[in-house]
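For reference, structure.txt is printed below; it contains compact mmCIF, C-alpha atoms.
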```txt
# COMPACT_ATOMS: atom_id res chain seq x y z
CA MET A 1 -180.21 198.03 146.26
CA LEU A 2 -179.05 195.42 148.75
CA MET A 3 -175.48 194.28 149.22
CA LEU A 4 -175.52 190.57 150.05
CA THR A 5 -172.55 188.57 151.24
CA ALA A 6 -172.56 184.85 150.55
CA ALA A 7 -171.67 182.77 153.57
CA SER A 8 -171.51 179.12 154.46
CA THR A 9 -173.83 178.46 157.39
CA ALA A 10 -173.63 175.14 159.19
CA SER A 11 -176.89 173.97 160.73
CA ALA A 12 -176.82 173.78 164.50
CA TYR A 13 -179.95 171.65 164.63
CA THR A 14 -180.22 167.88 164.71
CA TYR A 15 -183.26 165.64 164.90
CA ASP A 16 -183.76 161.98 165.76
CA ILE A 17 -185.65 159.86 163.21
CA ILE A 18 -186.46 156.39 164.61
CA GLY A 19 -183.18 156.22 166.47
CA GLU A 20 -180.85 157.83 163.94
CA THR A 21 -179.56 161.39 164.25
CA TYR A 22 -179.92 163.69 161.25
CA GLN A 23 -178.70 167.21 160.64
CA VAL A 24 -181.66 169.35 159.55
CA ASP A 25 -181.34 172.17 157.02
CA THR A 26 -184.23 174.31 155.79
CA LEU A 27 -183.81 174.65 152.03
CA PHE A 28 -186.95 176.69 151.42
CA HIS A 29 -189.78 178.28 153.36
CA ALA A 30 -192.36 180.72 152.00
CA GLN A 31 -196.03 181.52 151.94
CA VAL A 32 -197.67 180.00 148.86
CA GLY A 33 -201.26 181.06 149.46
CA PRO A 34 -203.66 182.29 152.14
CA GLY A 35 -202.74 180.81 155.51
CA THR A 36 -200.38 178.32 153.84
CA THR A 37 -196.62 177.93 153.82
CA GLN A 38 -194.45 175.45 151.97
CA THR A 39 -191.24 174.22 153.57
CA SER A 40 -188.46 172.08 152.09
CA LEU A 41 -186.04 170.27 154.41
CA LEU A 42 -182.84 168.30 153.99
CA PHE A 43 -182.14 165.62 156.60
CA THR A 44 -178.49 164.60 156.37
CA GLY A 45 -177.77 161.26 158.00
CA ALA A 46 -174.76 159.05 158.55
CA THR A 47 -175.80 156.56 155.85
CA TYR A 48 -178.25 158.43 153.61
CA ASP A 49 -180.15 161.70 153.18
CA LEU A 50 -183.86 162.52 153.04
CA ARG A 51 -185.62 165.46 151.42
CA ALA A 52 -189.03 166.42 152.75
CA PHE A 53 -191.51 168.91 151.33
CA TYR A 54 -194.56 169.96 153.28
CA LEU A 55 -197.47 172.37 153.46
CA THR A 56 -198.66 173.88 156.72
CA ILE A 57 -202.24 175.12 156.44
CA ASP A 58 -203.84 177.40 159.02
CA LEU A 59 -207.49 176.35 159.23
CA THR A 60 -208.36 179.49 161.20
CA ASP A 61 -207.80 181.55 158.03
CA PRO A 62 -211.30 182.36 156.72
CA ASN A 63 -210.12 182.17 153.11
CA VAL A 64 -208.82 178.61 153.36
CA SER A 65 -210.55 175.22 153.07
CA ILE A 66 -209.45 171.62 152.43
CA ARG A 67 -211.09 169.80 149.53
CA THR A 68 -210.76 166.42 147.84
CA VAL A 69 -210.84 165.71 144.10
CA CYS A 70 -211.31 162.33 142.40
CA GLY A 71 -209.57 161.90 139.04
CA GLN A 72 -211.87 162.84 136.13
CA ASP A 73 -214.60 163.41 138.76
CA GLN A 74 -215.50 159.73 138.45
CA LEU A 75 -214.64 156.69 140.53
CA ALA A 76 -212.20 155.44 137.86
CA GLY A 77 -209.99 157.22 135.38
CA GLY A 78 -207.05 158.76 137.20
CA GLU A 79 -205.49 162.18 136.71
CA THR A 80 -202.33 163.98 137.78
CA THR A 81 -202.45 166.06 140.95
CA SER A 82 -201.63 169.29 139.11
CA SER A 83 -204.31 168.63 136.48
CA MET A 84 -206.96 168.05 139.15
CA ALA A 85 -206.02 171.37 140.78
CA GLN A 86 -205.94 173.37 137.58
CA ARG A 87 -209.16 171.89 136.23
CA HIS A 88 -211.08 172.67 139.41
CA SER A 89 -209.69 176.16 140.02
CA THR A 90 -212.21 178.94 139.39
CA GLU A 91 -212.66 182.54 140.43
CA GLY A 92 -213.18 182.39 144.18
CA ALA A 93 -212.01 178.77 144.49
CA GLN A 94 -208.32 178.39 143.67
CA TYR A 95 -206.94 174.89 144.30
CA PHE A 96 -203.51 176.34 144.94
CA ALA A 97 -201.64 173.51 146.71
CA GLY A 98 -202.02 169.85 147.58
CA VAL A 99 -200.75 166.28 147.52
CA ASN A 100 -201.71 162.99 145.90
CA GLY A 101 -204.15 160.80 147.79
CA ASP A 102 -205.29 157.21 148.20
CA PHE A 103 -203.88 153.97 146.83
CA PHE A 104 -205.80 153.00 143.68
CA TYR A 105 -206.54 150.14 141.30
CA THR A 106 -203.83 149.70 138.66
CA SER A 107 -205.69 147.07 136.62
CA GLY A 108 -209.12 145.56 136.10
CA SER A 109 -212.40 146.09 134.27
CA THR A 110 -216.09 145.43 134.81
CA LYS A 111 -218.32 142.81 133.17
CA ASN A 112 -219.22 145.48 130.62
CA GLY A 113 -215.56 146.11 129.80
CA VAL A 114 -215.33 149.43 131.65
CA SER A 115 -211.85 150.05 133.08
CA THR A 116 -211.64 150.30 136.87
CA ILE A 117 -208.07 151.67 136.80
CA GLY A 118 -207.71 154.72 139.02
CA THR A 119 -210.41 153.70 141.49
CA PRO A 120 -209.40 154.64 145.07
CA THR A 121 -209.01 151.49 147.14
CA SER A 122 -210.90 152.91 150.12
CA SER A 123 -213.29 155.66 151.20
CA CYS A 124 -213.45 158.89 149.24
CA ILE A 125 -215.83 161.80 149.82
CA VAL A 126 -215.75 164.95 147.68
CA ASP A 127 -217.60 168.11 148.71
CA GLY A 128 -220.13 166.15 150.76
CA GLU A 129 -220.73 163.51 148.07
CA PHE A 130 -220.03 159.81 148.51
CA TYR A 131 -217.66 158.52 145.83
CA LYS A 132 -216.90 155.28 147.66
CA THR A 133 -217.16 153.81 151.15
CA SER A 134 -214.97 151.22 152.78
CA SER A 135 -214.44 150.31 156.42
CA GLY A 136 -210.84 149.26 155.75
CA ASN A 137 -207.67 151.35 155.96
CA GLN A 138 -207.45 154.72 157.72
CA GLN A 139 -209.11 157.97 156.75
CA PHE A 140 -208.38 161.69 156.91
CA ALA A 141 -211.60 163.73 156.90
CA ILE A 142 -212.82 167.30 157.13
CA ASP A 143 -216.23 167.60 158.73
CA VAL A 144 -219.08 169.96 157.94
CA ASN A 145 -217.56 172.53 160.32
CA GLY A 146 -214.11 172.39 158.71
CA ILE A 147 -212.58 170.32 161.54
CA PRO A 148 -210.07 167.57 160.60
CA PHE A 149 -210.31 163.96 161.79
CA VAL A 150 -208.04 160.93 161.49
CA GLY A 151 -209.26 157.39 162.15
CA GLN A 152 -210.88 154.27 160.76
CA THR A 153 -214.36 154.77 159.36
CA ASN A 154 -217.35 152.52 160.05
CA TYR A 155 -220.64 152.86 158.15
CA TYR A 156 -222.31 149.68 159.40
CA THR A 157 -224.72 151.35 161.83
CA SER A 158 -226.46 153.11 158.92
CA THR A 159 -229.97 151.92 158.05
CA ALA A 160 -232.59 151.94 155.31
CA THR A 161 -236.28 151.87 156.22
CA PHE A 162 -239.57 151.38 154.39
CA GLY A 163 -242.70 151.18 156.46
CA ASP A 164 -242.03 148.74 159.29
CA ASN A 165 -239.03 147.20 157.55
CA THR A 166 -235.46 148.14 158.51
CA VAL A 167 -232.23 146.85 157.01
CA LEU A 168 -228.57 147.80 157.35
CA PHE A 169 -227.22 150.27 154.78
CA LYS A 170 -223.63 149.12 154.36
CA GLY A 171 -221.99 151.00 151.53
CA VAL A 172 -221.83 153.26 148.48
CA ASN A 173 -220.19 152.26 145.18
CA VAL A 174 -218.53 149.20 146.70
CA SER A 175 -219.09 145.48 146.13
CA SER A 176 -222.23 144.69 148.09
CA PRO A 177 -221.73 142.96 151.44
CA ASP A 178 -224.14 140.28 152.60
CA ASN A 179 -227.09 141.23 154.81
CA GLY A 180 -227.09 144.89 153.84
CA ILE A 181 -227.87 147.24 150.99
CA THR A 182 -225.48 149.19 148.80
CA VAL A 183 -226.29 152.36 146.90
CA TYR A 184 -224.70 152.78 143.47
CA THR A 185 -224.39 156.31 142.08
CA PRO A 186 -223.60 157.72 138.61
CA ARG A 187 -219.95 158.09 139.74
CA TYR A 188 -219.64 154.29 139.48
CA TYR A 189 -218.92 152.32 136.28
CA GLY A 190 -222.29 152.72 134.53
CA ALA A 191 -223.70 149.45 135.93
CA THR A 192 -223.52 147.72 139.29
CA ASP A 193 -221.18 144.94 138.04
CA SER A 194 -223.00 142.51 140.36
CA ASP A 195 -223.83 138.84 139.95
CA ALA A 196 -227.25 137.23 139.92
CA GLY A 197 -228.73 136.35 143.29
CA CYS A 198 -229.06 139.92 144.51
CA ALA A 199 -232.07 142.23 144.31
CA GLU A 200 -231.67 145.61 142.58
CA VAL A 201 -233.97 148.52 141.80
CA THR A 202 -233.56 152.06 140.49
CA ALA A 203 -234.36 155.12 142.58
CA ARG A 204 -234.15 158.91 142.63
CA LEU A 205 -233.91 161.50 145.36
CA ALA A 206 -237.21 162.75 146.73
CA ASP A 207 -237.87 166.43 146.07
CA GLY A 208 -235.60 168.70 148.10
CA GLU A 209 -233.34 165.87 149.33
CA THR A 210 -229.57 165.37 149.07
CA PHE A 211 -227.64 162.14 149.53
CA SER A 212 -224.79 163.08 151.88
CA PRO A 213 -222.55 161.34 154.45
CA GLY A 214 -223.78 161.46 158.02
CA LYS A 215 -227.28 162.61 157.10
CA SER A 216 -230.70 161.16 156.29
CA CYS A 217 -232.49 161.39 152.98
CA ARG A 218 -235.54 160.03 151.20
CA MET A 219 -235.40 158.17 147.89
CA VAL A 220 -238.30 157.29 145.60
CA ILE A 221 -238.27 153.92 143.80
CA THR A 222 -238.47 154.39 140.01
CA GLY A 223 -238.52 150.84 138.65
CA THR A 224 -239.22 147.18 139.28
CA PRO A 225 -236.75 145.03 141.25
CA SER A 226 -234.55 142.60 139.33
CA THR A 227 -232.50 139.61 140.51
CA VAL A 228 -230.37 139.36 137.34
CA GLY A 229 -227.57 141.66 138.56
CA ASN A 230 -225.38 144.17 136.68
CA MET A 231 -228.19 146.75 136.56
CA ASP A 232 -227.58 149.98 134.64
CA ILE A 233 -227.30 153.06 136.87
CA PRO A 234 -229.45 155.97 135.68
CA GLU A 235 -227.51 159.18 134.99
CA ASP A 236 -229.86 161.13 137.25
CA GLY A 237 -230.52 158.47 139.87
CA PHE A 238 -229.28 155.47 141.82
CA VAL A 239 -229.49 151.70 142.12
CA ILE A 240 -230.46 150.19 145.47
CA HIS A 241 -228.83 146.76 145.77
CA GLY A 242 -229.61 144.12 148.40
CA ARG A 243 -227.94 140.80 149.12
CA GLY A 244 -228.41 138.27 151.92
CA SER A 245 -231.36 137.00 153.91
CA ASN A 246 -230.11 137.22 157.49
CA VAL A 247 -231.62 139.58 160.04
CA GLU A 248 -228.92 141.24 162.16
CA GLY A 249 -228.05 144.40 164.08
CA GLY A 250 -231.63 145.23 165.05
CA THR A 251 -232.98 144.89 161.51
CA THR A 252 -236.36 143.38 160.73
CA ILE A 253 -235.82 141.85 157.29
CA GLY A 254 -233.07 140.46 155.06
CA ALA A 255 -231.51 142.84 152.52
CA PHE A 256 -232.62 140.79 149.51
CA ASP A 257 -236.26 140.69 150.65
CA PHE A 258 -236.19 144.38 151.57
CA VAL A 259 -235.20 145.45 148.05
CA ASN A 260 -237.21 142.79 146.24
CA SER A 261 -240.40 143.89 148.00
CA LEU A 262 -240.17 147.49 146.77
CA LYS A 263 -242.31 148.78 143.91
CA GLU A 264 -242.33 151.93 141.80
CA GLY A 265 -243.40 154.98 143.80
CA ASP A 266 -242.39 153.58 147.21
CA GLU A 267 -240.32 155.94 149.34
CA ILE A 268 -237.45 154.67 151.48
CA THR A 269 -235.38 156.55 154.05
CA LEU A 270 -231.60 156.19 154.19
CA ASN A 271 -230.04 157.17 157.50
CA SER A 272 -226.29 157.54 156.96
CA VAL A 273 -224.19 157.30 160.12
CA VAL A 274 -220.41 157.81 159.76
CA LEU A 275 -218.24 156.82 162.71
CA MET A 276 -214.51 157.52 162.88
CA ASP A 277 -212.91 155.52 165.67
CA GLY A 278 -216.37 155.40 167.23
CA GLU A 279 -217.02 159.15 167.03
CA SER A 280 -219.94 160.37 164.92
CA VAL A 281 -218.74 162.62 162.09
CA VAL A 282 -220.49 164.44 159.24
CA PRO A 283 -217.64 164.47 156.69
CA GLN A 284 -217.52 166.81 153.72
CA GLN A 285 -214.12 165.62 152.45
CA MET A 286 -212.43 162.27 152.97
CA ILE A 287 -209.34 160.52 151.67
CA SER A 288 -207.82 157.20 152.69
CA GLY A 289 -204.48 155.50 153.31
CA ASN A 290 -202.70 153.18 155.69
CA PRO A 291 -201.24 152.78 158.18
CA ARG A 292 -201.99 155.42 160.75
CA THR A 293 -198.54 156.77 161.58
CA VAL A 294 -198.98 159.40 164.30
CA GLY A 295 -201.45 159.37 167.19
CA ASN A 296 -201.73 161.79 170.08
CA GLY A 297 -198.34 163.25 169.26
CA GLU A 298 -196.51 159.91 169.20
CA THR A 299 -195.06 157.87 166.36
CA LEU A 300 -197.08 154.64 166.20
CA ASP A 301 -195.69 151.13 165.80
CA THR A 302 -197.80 150.29 162.75
CA GLU A 303 -195.34 149.19 160.07
CA ASP A 304 -196.74 145.65 160.24
CA GLN A 305 -200.07 146.90 158.84
CA ARG A 306 -198.90 147.08 155.22
CA GLY A 307 -196.31 145.07 153.37
CA ASP A 308 -194.07 147.89 152.16
CA ALA A 309 -194.23 150.07 155.28
CA SER A 310 -190.80 149.00 156.51
CA SER A 311 -189.18 149.48 153.09
CA PHE A 312 -187.61 152.69 151.79
CA HIS A 313 -189.83 154.46 149.25
CA PRO A 314 -191.10 157.91 148.39
CA ARG A 315 -193.93 158.65 150.80
CA THR A 316 -196.91 160.98 151.18
CA GLY A 317 -198.57 161.76 154.51
CA ILE A 318 -201.33 163.96 155.85
CA GLY A 319 -202.32 164.93 159.37
CA TYR A 320 -203.17 167.75 161.73
CA GLY A 321 -201.75 169.53 164.76
CA ASP A 322 -202.23 172.52 167.10
CA ASN A 323 -205.57 171.24 168.41
CA LYS A 324 -206.86 170.61 164.89
CA THR A 325 -206.19 174.18 163.71
CA LYS A 326 -203.40 173.21 161.31
CA VAL A 327 -203.17 170.58 158.57
CA ILE A 328 -199.82 169.21 157.37
CA MET A 329 -199.45 167.64 153.91
CA MET A 330 -196.05 166.09 153.26
CA VAL A 331 -193.99 164.29 150.63
CA VAL A 332 -190.63 162.61 151.31
CA ASP A 333 -188.75 161.87 148.11
CA GLY A 334 -187.01 158.57 147.47
CA ARG A 335 -185.34 156.20 145.00
CA SER A 336 -182.66 158.78 144.19
CA THR A 337 -179.12 159.68 145.20
CA ILE A 338 -180.29 162.88 146.90
CA SER A 339 -183.16 161.31 148.85
CA HIS A 340 -183.06 157.67 149.83
CA GLY A 341 -186.74 157.14 150.63
CA ALA A 342 -188.38 156.46 153.96
CA ARG A 343 -190.20 153.91 156.05
CA THR A 344 -193.65 154.97 157.27
CA SER A 345 -192.34 155.39 160.83
CA GLN A 346 -189.65 157.74 159.54
CA VAL A 347 -192.27 159.85 157.81
CA ALA A 348 -194.20 159.83 161.09
CA ASP A 349 -191.21 161.34 162.90
CA ILE A 350 -190.81 163.96 160.17
CA MET A 351 -194.56 164.75 160.33
CA ARG A 352 -194.13 165.29 164.07
CA TYR A 353 -191.18 167.60 163.34
CA ALA A 354 -193.56 169.60 161.12
CA GLY A 355 -196.13 169.80 163.92
CA ALA A 356 -198.49 166.88 163.33
CA THR A 357 -200.08 165.17 166.32
CA ASP A 358 -202.16 162.73 164.23
CA ALA A 359 -201.41 161.50 160.71
CA ILE A 360 -201.82 158.71 158.16
CA ASN A 361 -199.69 157.39 155.31
CA LEU A 362 -201.11 157.96 151.80
CA ASP A 363 -200.09 156.40 148.48
CA GLY A 364 -196.36 156.70 147.87
CA GLY A 365 -193.78 155.55 145.35
CA GLY A 366 -194.14 157.22 141.97
CA SER A 367 -197.45 158.73 143.09
CA SER A 368 -195.87 161.00 145.72
CA THR A 369 -196.43 164.56 144.53
CA LEU A 370 -196.61 167.94 146.27
CA TYR A 371 -198.08 170.63 144.01
CA THR A 372 -198.27 174.39 144.39
CA GLN A 373 -199.92 176.80 141.97
CA ALA A 374 -197.13 179.35 142.46
CA LEU A 375 -194.15 177.02 142.04
CA GLY A 376 -195.41 173.86 140.36
CA ILE A 377 -194.33 170.40 141.55
CA ARG A 378 -192.00 170.90 144.51
CA ASN A 379 -190.56 167.40 144.87
CA ILE A 380 -189.01 165.11 142.25
CA PRO A 381 -191.46 162.26 141.51
CA SER A 382 -189.58 158.98 141.23
CA ASP A 383 -191.20 158.17 137.86
CA GLY A 384 -189.44 161.22 136.44
CA LYS A 385 -192.80 162.90 135.89
CA GLU A 386 -196.19 163.20 137.56
CA ARG A 387 -198.23 160.03 137.78
CA ALA A 388 -201.97 159.92 137.16
CA ASP A 389 -203.49 159.11 140.57
CA GLY A 390 -206.92 158.10 141.80
CA ASN A 391 -207.54 161.21 143.86
CA ALA A 392 -205.81 164.08 145.64
CA ILE A 393 -206.42 166.56 148.44
CA PHE A 394 -205.95 170.32 148.17
CA VAL A 395 -205.84 173.64 149.95
CA VAL A 396 -208.43 175.91 148.35
CA SER A 397 -208.48 179.71 148.52
CA SER A 398 -211.74 181.64 148.48
CA ALA A 399 -209.94 184.99 148.78
CA PRO A 400 -211.57 187.58 146.50
CA THR A 401 -209.68 189.25 143.67
CA ASP A 402 -209.47 192.94 144.60
CA ASN A 403 -207.06 195.87 144.78
CA GLU A 404 -206.57 195.71 148.52
CA ILE A 405 -202.98 195.06 149.58
CA ALA A 406 -202.89 192.22 152.07
CA LYS A 407 -199.12 191.70 152.20
CA ILE A 408 -195.92 193.04 150.67
CA SER A 409 -193.11 190.57 149.98
CA PHE A 410 -190.32 189.73 147.54
CA ALA A 411 -191.41 188.37 144.17
CA ASP A 412 -188.33 186.15 144.01
CA TRP A 413 -188.87 182.82 145.74
CA GLY A 414 -185.16 182.12 145.96
CA LEU A 415 -181.74 182.93 144.57
CA LYS A 416 -179.33 180.45 143.01
CA ASP A 417 -175.58 180.76 142.37
CA PHE A 418 -175.40 184.21 143.93
CA PRO A 419 -171.79 185.49 143.76
CA CYS A 420 -169.88 186.59 146.82
CA HIS A 421 -170.21 190.39 147.26
CA GLY A 422 -172.73 190.48 144.41
CA ILE A 423 -175.45 193.09 144.12
CA TYR A 424 -179.11 192.10 144.18
CA LYS A 425 -182.04 194.37 143.36
CA PRO A 426 -185.20 192.94 144.90
CA VAL A 427 -188.52 192.90 143.06
CA ILE A 428 -191.51 193.66 145.31
```
Kindly present the structure from the file in structure tokens form.
Amino acid sequence: MLMLTAASTASAYTYDIIGETYQVDTLFHAQVGPGTTQTSLLFTGATYDLRAFYLTIDLTDPNVSIRTVCGQDQLAGGETTSSMAQRHSTEGAQYFAGVNGDFFYTSGSTKNGVSTIGTPTSSCIVDGEFYKTSSGNQQFAIDVNGIPFVGQTNYYTSTATFGDNTVLFKGVNVSSPDNGITVYTPRYYGATDSDAGCAEVTARLADGETFSPGKSCRMVITGTPSTVGNMDIPEDGFVIHGRGSNVEGGTTIGAFDFVNSLKEGDEITLNSVVLMDGESVVPQQMISGNPRTVGNGETLDTEDQRGDASSFHPRTGIGYGDNKTKVIMMVVDGRSTISHGARTSQVADIMRYAGATDAINLDGGGSSTLYTQALGIRNIPSDGKERADGNAIFVVSSAPTDNEIAKISFADWGLKDFPCHGIYKPVI
């Protein structure tokens, strides 16, 4: 047995958050999965307090990966962070910790009456599959080699070709821009929800091909082009949508004419190019937010980039540090007497405290949730319960289930109300 003596320990550490000094106390720190710790901090300030909860993930651990989930595995629908993790966890792929993700639509429906609620507002990629593209906001991505990136994504150098004709390929599952084609997938709302005046045609992947970000693929046309709009998306295929007649960016034909000239059996080539802040990336996972809060180890002056950034709210952030070998996922609680809420620049300073050199702000408010498989929801969501969100991002363990002892530690995560001079028998 262990004899423990309760003592009052005053923190000797202080930290500056955008010009205000806070006393920092570590309330909790433990390993919650392979290569992953969860830390809870209390920042005590002169006018209010902040509670922060964060995961530190060691990407050099061979049993760890970062993966995105979209609610209900569709573009719309929404789902709580814990439900996404539990539903996707399988033997050899345990979604054991994570945070909520992108901002999402809270109202709206398509021409066919399909709800769009829960749709992420910007780019989302899950396991190498496009769910949605957007060149707005900021993105956090994991590339095909497991390396994290932060930046603004641009898809507008992608192309589609057929014979001698080339046109810009400008998006996936997003309202079609002029002078480019959009590809709609079965993750969308069942139909393209487009107006007349475009050209649309169904297609399928050519044998042996996959449609992935940052790569090329071949698609075979399976129908006859239509200019009516709102074309149904086949469950096992795609719709190629073209709008606009201008020739730009080295193309040879307008997008409308490109699609309208196709016929059943024709084979087109899509060359997907994904640039993040001008750097070519082949992303396997991607989630979006705004603004970018930390860059090159410095807190950025970006609060003017969204309307509520300078207000005090619960916040979620994600970033990386240690030369891209560690990922930090963080929630700062708010709207309560024990945690006031934070501006995005305050979260940036706290992310830097946790080791982030580059980071973005994700959806906050009642959406802010940090989940662990071992301990459940670690923060206190301001809605009083978990909110159904558009997507989330997780730490996934591929560690095998075996009888080999990897580590010995206490089973108890923490003790509460321990009496002075009490006796504690640890459980291993």
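Taking CA of Gly190 in chain A and CA of Val114 in chain A as endpoints, the distance between them is 8.2 Å.
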Point-to-point distance from CA of Val220 in chain A to CA of Ala203 in chain A, Å rounded to tenths: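 So the two atoms, CA of Val220 in chain A and CA of Ala203 in chain A, lie 5.4 Å apart.
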Counting only C-alpha atoms, figure out which residue out of A:Ile142, A:Ala255, A:Ala206, A:Ala93 gets nearest to Gly242 in chain A.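 Closest to Gly242 in chain A, using only C-alpha atoms: A:Ala255.
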Find the residues near Tyr371 in chain A: any atom within 7 Å, counting only C-alpha atoms, skip ones fewer than 5 places away on the same chain, and give them as a list of chain:residue names.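 My reading of the contact set: A:Ser82, A:Ala97, A:Gly98, A:Val99, A:Gly376, A:Ile377, A:Arg378.
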Exercise: Ser226 in chain A partners within 7 Å, all atoms listed in the file, chain neighbours under 3 positions left out, as a PyMOL selection string: chain A and resi 199-201
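Of the residues listed (A:Asn296, A:Thr36, A:Met219, A:Leu275), A:Leu275 shows the shortest atom-to-atom separation from Asn154 in chain A; distances use all atoms listed in the file.
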Calculated over all atoms listed in the file, which of the candidates A:Phe394, A:Phe410, A:Tyr131, A:Phe418 has the smallest distance to Gly101 in chain A?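 The closest residue to Gly101 in chain A is A:Phe394.
Distances from A:Thr302, A:Asn100, A:Thr251, A:Thr161 to Ala348 in chain A were compared using only C-alpha atoms, and the smallest one belongs to A:Thr302.
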Neighbours of Cys124 in chain A within 7 Å (all atoms listed in the file; same-chain residues fewer than 6 positions away dropped), as a PDB file with C-alpha atoms, in the frame of the given file?
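Just written: around.pdb:
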```
ATOM      1  CA  PHE A 130    -220.030 159.810 148.510  1.00  0.00           C
ATOM      2  CA  TYR A 131    -217.660 158.520 145.830  1.00  0.00           C
ATOM      3  CA  LYS A 132    -216.900 155.280 147.660  1.00  0.00           C
ATOM      4  CA  THR A 133    -217.160 153.810 151.150  1.00  0.00           C
ATOM      5  CA  MET A 286    -212.430 162.270 152.970  1.00  0.00           C
ATOM      6  CA  ILE A 287    -209.340 160.520 151.670  1.00  0.00           C
ATOM      7  CA  SER A 288    -207.820 157.200 152.690  1.00  0.00           C
TER       8      SER A 288
END
```
